[in-house]
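Input: a single structure, listed below in structure tokens.
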Amino acid sequence: MTDATFEEGAERPVNVSAVDAEDLKILSAMAQDAIFPITEMRWESKQRRFALLLNRFRWEDREAAEKRGRPYERVQSLLIVDDVLKVSSQGIDRADTETVLSLLSLEFYAGPDGTGRLELTLAGDGAIALDVECLNVSLRDVSRPYIAPSGHVPDHGD
């Protein structure tokens, strides 16, 4: 898969990495409210990589869209976590291939030996826990932005 490229003057595609808790807060905010079919979740144990193909709201463009009177946009993004030792989940029926999950947040809990746990909190009390050797997360847009079908942004009470 190649990086998305946009025409001259268009908003740039996101390509961000998180290697510490502060970076992860930014990445988590950008991925908040992303949705993904359960079938777009991959754990590659030999490569120690976990990947999600997300449909995320372009939070970083919300203000500009409002100022210009443009519709709100979504974009497909690839969330990749490297150096993964183990993956576990709760509240997810992996056999239901029609399930669409909604990502609420990413949080990192450092362990005493330099390893840690990255938790992906999902709507509906679901969670994915990744035991990692170190924090190594990236988010990269892989499609052009498109108008959100509803035309609305998720409401967080602001």
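Ligands are numbered from 1 in the order shown, residues from 1 within each chain, and chains are lettered A, B, ... in the order they appear in the structure tokens.
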Could you pull out the residues in chain A that DSSP calls strand (DSSP E or B) from the backbone, as a VMD selection string?
chain A and resid 15 to 18 35 to 37 41 to 44 49 to 57 73 to 82 84 to 90 100 to 110 116 to 122 126 to 132 137 to 141 146 to 147
So which residues touch A:Lys46 within 12 Å, counting only C-alpha atoms, skipping near sequence neighbours fewer than 6 positions away, as JSON, numbers by chain?
{"A": [82, 83, 84, 85, 86]}
For the selection you just gave me, I'd like the residues written to a file as a compact mmCIF listing (two decimals), in the first residue's frame, keeping C-alpha atoms.
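Okay, this is what ended up in part_17.txt:
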```
# COMPACT_ATOMS: atom_id res chain seq x y z
CA ASP A 82 5.01 -2.83 16.04
CA ASP A 83 6.98 -4.82 18.64
CA VAL A 84 3.81 -6.61 19.81
CA LEU A 85 4.39 -9.63 22.04
CA LYS A 86 0.79 -10.70 22.69
```
Residues within 10 Å of A:Ala110, please, as a short mmCIF file (atom, residue, chain, number, x, y, z; two decimals) with C-alpha atoms, in the first residue's frame. Count only C-alpha atoms; anything in the same chain fewer than 2 positions from it doesn't count.
```
data_model
loop_
_atom_site.label_atom_id
_atom_site.label_comp_id
_atom_site.auth_asym_id
_atom_site.auth_seq_id
_atom_site.Cartn_x
_atom_site.Cartn_y
_atom_site.Cartn_z
CA ASP A 20 5.98 7.90 24.09
CA ALA A 21 2.81 8.61 26.07
CA GLU A 107 -3.76 4.31 26.26
CA PHE A 108 -0.32 3.04 27.21
CA PRO A 112 8.54 -2.03 35.25
CA ASP A 113 10.90 -3.74 32.78
CA GLY A 114 10.50 -1.35 29.84
CA THR A 115 7.69 -3.33 28.24
CA GLY A 116 4.09 -2.21 28.50
CA ARG A 117 0.48 -2.61 27.50
CA LEU A 118 -1.32 -0.63 24.83
CA ASP A 131 1.49 -6.41 25.26
CA VAL A 132 4.41 -4.60 23.64
CA GLU A 133 8.18 -4.61 23.92
CA CYS A 134 8.09 -0.83 23.59
CA LEU A 135 5.63 1.80 22.39
#
```
How far is it from atom CA of A:Ala129 to atom CA of A:Asp141, in Å with one decimal?
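Going from atom CA of A:Ala129 over to atom CA of A:Asp141 covers 23.1 Å.
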For the alpha helix (DSSP H) assignment from backbone DSSP, which residues of chain A qualify? Please present them as a PyMOL selection string.
chain A and resi 21-31+62-68
Would you mind exporting C-alpha atoms of the selected residues as a short mmCIF file (atom, residue, chain, number, x, y, z; two decimals), in the first residue's frame?
```
data_model
loop_
_atom_site.label_atom_id
_atom_site.label_comp_id
_atom_site.auth_asym_id
_atom_site.auth_seq_id
_atom_site.Cartn_x
_atom_site.Cartn_y
_atom_site.Cartn_z
CA ALA A 21 2.81 8.61 26.07
CA GLU A 22 2.61 12.27 24.95
CA ASP A 23 2.80 11.31 21.25
CA LEU A 24 0.16 8.65 21.86
CA LYS A 25 -2.29 11.25 23.25
CA ILE A 26 -2.12 13.13 19.93
CA LEU A 27 -2.45 9.97 17.86
CA SER A 28 -5.35 8.79 20.05
CA ALA A 29 -7.17 12.10 19.54
CA MET A 30 -6.79 11.75 15.76
CA ALA A 31 -8.12 8.17 15.80
CA ARG A 62 -12.70 20.10 11.49
CA GLU A 63 -12.00 23.78 12.19
CA ALA A 64 -10.88 24.53 8.62
CA ALA A 65 -13.94 22.73 7.23
CA GLU A 66 -16.24 24.81 9.43
CA LYS A 67 -14.53 28.09 8.44
CA ARG A 68 -14.80 27.28 4.72
#
```
So that I can check the surroundings of A:Ala51, please list as a list in words every protein, DNA and RNA residue that reaches within 8 Å of it, counting only C-alpha atoms and ignoring chain neighbours fewer than 6 positions away.
Met41, Arg42, Trp43, Leu78, Leu79, Ile80 and Val81 of chain A
For A:Ile92, list every protein, DNA or RNA residue within 10 Å, evaluated using only C-alpha atoms, and leave out those in the same chain fewer than 4 positions away; present the list as a list in words.
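Everything that qualifies: Ile38, Asp96, Thr99, Leu101, Leu122, Gly124, Asp125, Gly126, Ala127 and Ile128 of chain A.
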Hey, can you spit out that residue selection with all heavy atoms as an mmCIF file, in the first residue's frame?
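Now in selection_21.cif:
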```cif
data_model
loop_
_atom_site.group_PDB
_atom_site.id
_atom_site.type_symbol
_atom_site.label_atom_id
_atom_site.label_comp_id
_atom_site.auth_asym_id
_atom_site.auth_seq_id
_atom_site.Cartn_x
_atom_site.Cartn_y
_atom_site.Cartn_z
ATOM 1 N N ILE A 38 -14.551 -5.783 11.985
ATOM 2 C CA ILE A 38 -13.694 -6.724 12.700
ATOM 3 C C ILE A 38 -12.758 -7.468 11.746
ATOM 4 O O ILE A 38 -11.664 -7.872 12.111
ATOM 5 C CB ILE A 38 -14.547 -7.692 13.547
ATOM 6 C CG1 ILE A 38 -13.701 -8.307 14.655
ATOM 7 C CG2 ILE A 38 -15.225 -8.729 12.687
ATOM 8 C CD1 ILE A 38 -14.524 -8.984 15.733
ATOM 9 N N ASP A 96 -18.255 -13.110 14.661
ATOM 10 C CA ASP A 96 -19.259 -12.298 13.971
ATOM 11 C C ASP A 96 -18.551 -11.364 12.994
ATOM 12 O O ASP A 96 -18.165 -10.257 13.343
ATOM 13 C CB ASP A 96 -20.080 -11.501 14.979
ATOM 14 C CG ASP A 96 -21.176 -10.688 14.321
ATOM 15 O OD1 ASP A 96 -21.318 -10.740 13.086
ATOM 16 O OD2 ASP A 96 -21.897 -9.973 15.051
ATOM 17 N N THR A 99 -19.497 -7.537 12.388
ATOM 18 C CA THR A 99 -19.330 -6.543 13.442
ATOM 19 C C THR A 99 -18.476 -5.373 12.975
ATOM 20 O O THR A 99 -17.425 -5.556 12.365
ATOM 21 C CB THR A 99 -18.676 -7.188 14.686
ATOM 22 O OG1 THR A 99 -19.546 -8.202 15.171
ATOM 23 C CG2 THR A 99 -18.424 -6.168 15.776
ATOM 24 N N LEU A 101 -16.613 -2.135 14.727
ATOM 25 C CA LEU A 101 -16.186 -1.633 16.028
ATOM 26 C C LEU A 101 -15.875 -0.147 15.954
ATOM 27 O O LEU A 101 -15.500 0.372 14.896
ATOM 28 C CB LEU A 101 -14.958 -2.413 16.503
ATOM 29 C CG LEU A 101 -15.153 -3.928 16.616
ATOM 30 C CD1 LEU A 101 -13.828 -4.622 16.853
ATOM 31 C CD2 LEU A 101 -16.141 -4.247 17.711
ATOM 32 N N LEU A 122 -12.861 0.308 23.106
ATOM 33 C CA LEU A 122 -13.882 0.324 22.068
ATOM 34 C C LEU A 122 -15.238 0.661 22.676
ATOM 35 O O LEU A 122 -15.479 0.416 23.861
ATOM 36 C CB LEU A 122 -13.953 -1.049 21.390
ATOM 37 C CG LEU A 122 -12.631 -1.605 20.853
ATOM 38 C CD1 LEU A 122 -12.803 -3.044 20.417
ATOM 39 C CD2 LEU A 122 -12.116 -0.747 19.723
ATOM 40 N N GLY A 124 -19.064 0.154 23.614
ATOM 41 C CA GLY A 124 -19.778 -1.064 23.987
ATOM 42 C C GLY A 124 -18.991 -1.956 24.916
ATOM 43 O O GLY A 124 -19.182 -3.173 24.934
ATOM 44 N N ASP A 125 -18.066 -1.400 25.666
ATOM 45 C CA ASP A 125 -17.280 -2.138 26.665
ATOM 46 C C ASP A 125 -16.308 -3.150 26.078
ATOM 47 O O ASP A 125 -15.884 -4.078 26.771
ATOM 48 C CB ASP A 125 -18.184 -2.838 27.691
ATOM 49 C CG ASP A 125 -18.966 -1.851 28.534
ATOM 50 O OD1 ASP A 125 -18.414 -0.767 28.817
ATOM 51 O OD2 ASP A 125 -20.111 -2.151 28.896
ATOM 52 N N GLY A 126 -15.951 -3.020 24.823
ATOM 53 C CA GLY A 126 -14.946 -3.889 24.235
ATOM 54 C C GLY A 126 -13.562 -3.288 24.401
ATOM 55 O O GLY A 126 -13.408 -2.080 24.612
ATOM 56 N N ALA A 127 -12.547 -4.130 24.314
ATOM 57 C CA ALA A 127 -11.165 -3.657 24.415
ATOM 58 C C ALA A 127 -10.230 -4.638 23.728
ATOM 59 O O ALA A 127 -10.499 -5.835 23.659
ATOM 60 C CB ALA A 127 -10.763 -3.484 25.872
ATOM 61 N N ILE A 128 -9.138 -4.096 23.229
ATOM 62 C CA ILE A 128 -8.048 -4.893 22.671
ATOM 63 C C ILE A 128 -6.808 -4.503 23.448
ATOM 64 O O ILE A 128 -6.505 -3.315 23.584
ATOM 65 C CB ILE A 128 -7.851 -4.611 21.170
ATOM 66 C CG1 ILE A 128 -9.132 -4.920 20.397
ATOM 67 C CG2 ILE A 128 -6.673 -5.424 20.625
ATOM 68 C CD1 ILE A 128 -9.132 -4.384 18.969
#
```
Fewer than 2 positions away in the same chain doesn't count, so skip those; otherwise give me all residues within 7 Å of A:Ser17, counting only C-alpha atoms, as a VMD selection string.
chain A and resid 19 137 to 139
Of the candidates A:Ser77, A:Ser105, A:Ser89, A:Gln32, which shows the shortest atom-to-atom distance to A:Arg140, using only C-alpha atoms?
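Going through A:Ser77, A:Ser105, A:Ser89, A:Gln32 one by one, the smallest distance to A:Arg140 is for A:Ser77.
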I'd like the interatomic distance between atom CA of A:Asn15 and atom CA of A:Ala123, to a tenth of an Å.
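Atom CA of A:Asn15 sits 24.9 Å away from atom CA of A:Ala123.
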Pick from A:Arg70, A:Pro37, A:Val142, A:Gln76: nearest to A:Arg56, with only C-alpha atoms counted?
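Answer, going by the shortest atom-to-atom distance: A:Gln76.
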Distance of atom CA of A:Phe57 from atom CA of A:Ala95, expressed in Å to one decimal place:
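Spanning atom CA of A:Ala95 to atom CA of A:Phe57 is a straight-line distance of 26.9 Å.
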When distances are computed from only C-alpha atoms, which of A:Glu40, A:Val75, A:Leu53, A:Glu60 shows the smallest separation from A:Arg94?
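The shortest atom-to-atom distance to A:Arg94 comes from A:Glu40.
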Counting only C-alpha atoms, which of A:Val87, A:Val16, A:Val100, A:Ile147 gets nearest to A:Glu119?
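With only C-alpha atoms as the atom set, the closest residue is A:Val87.
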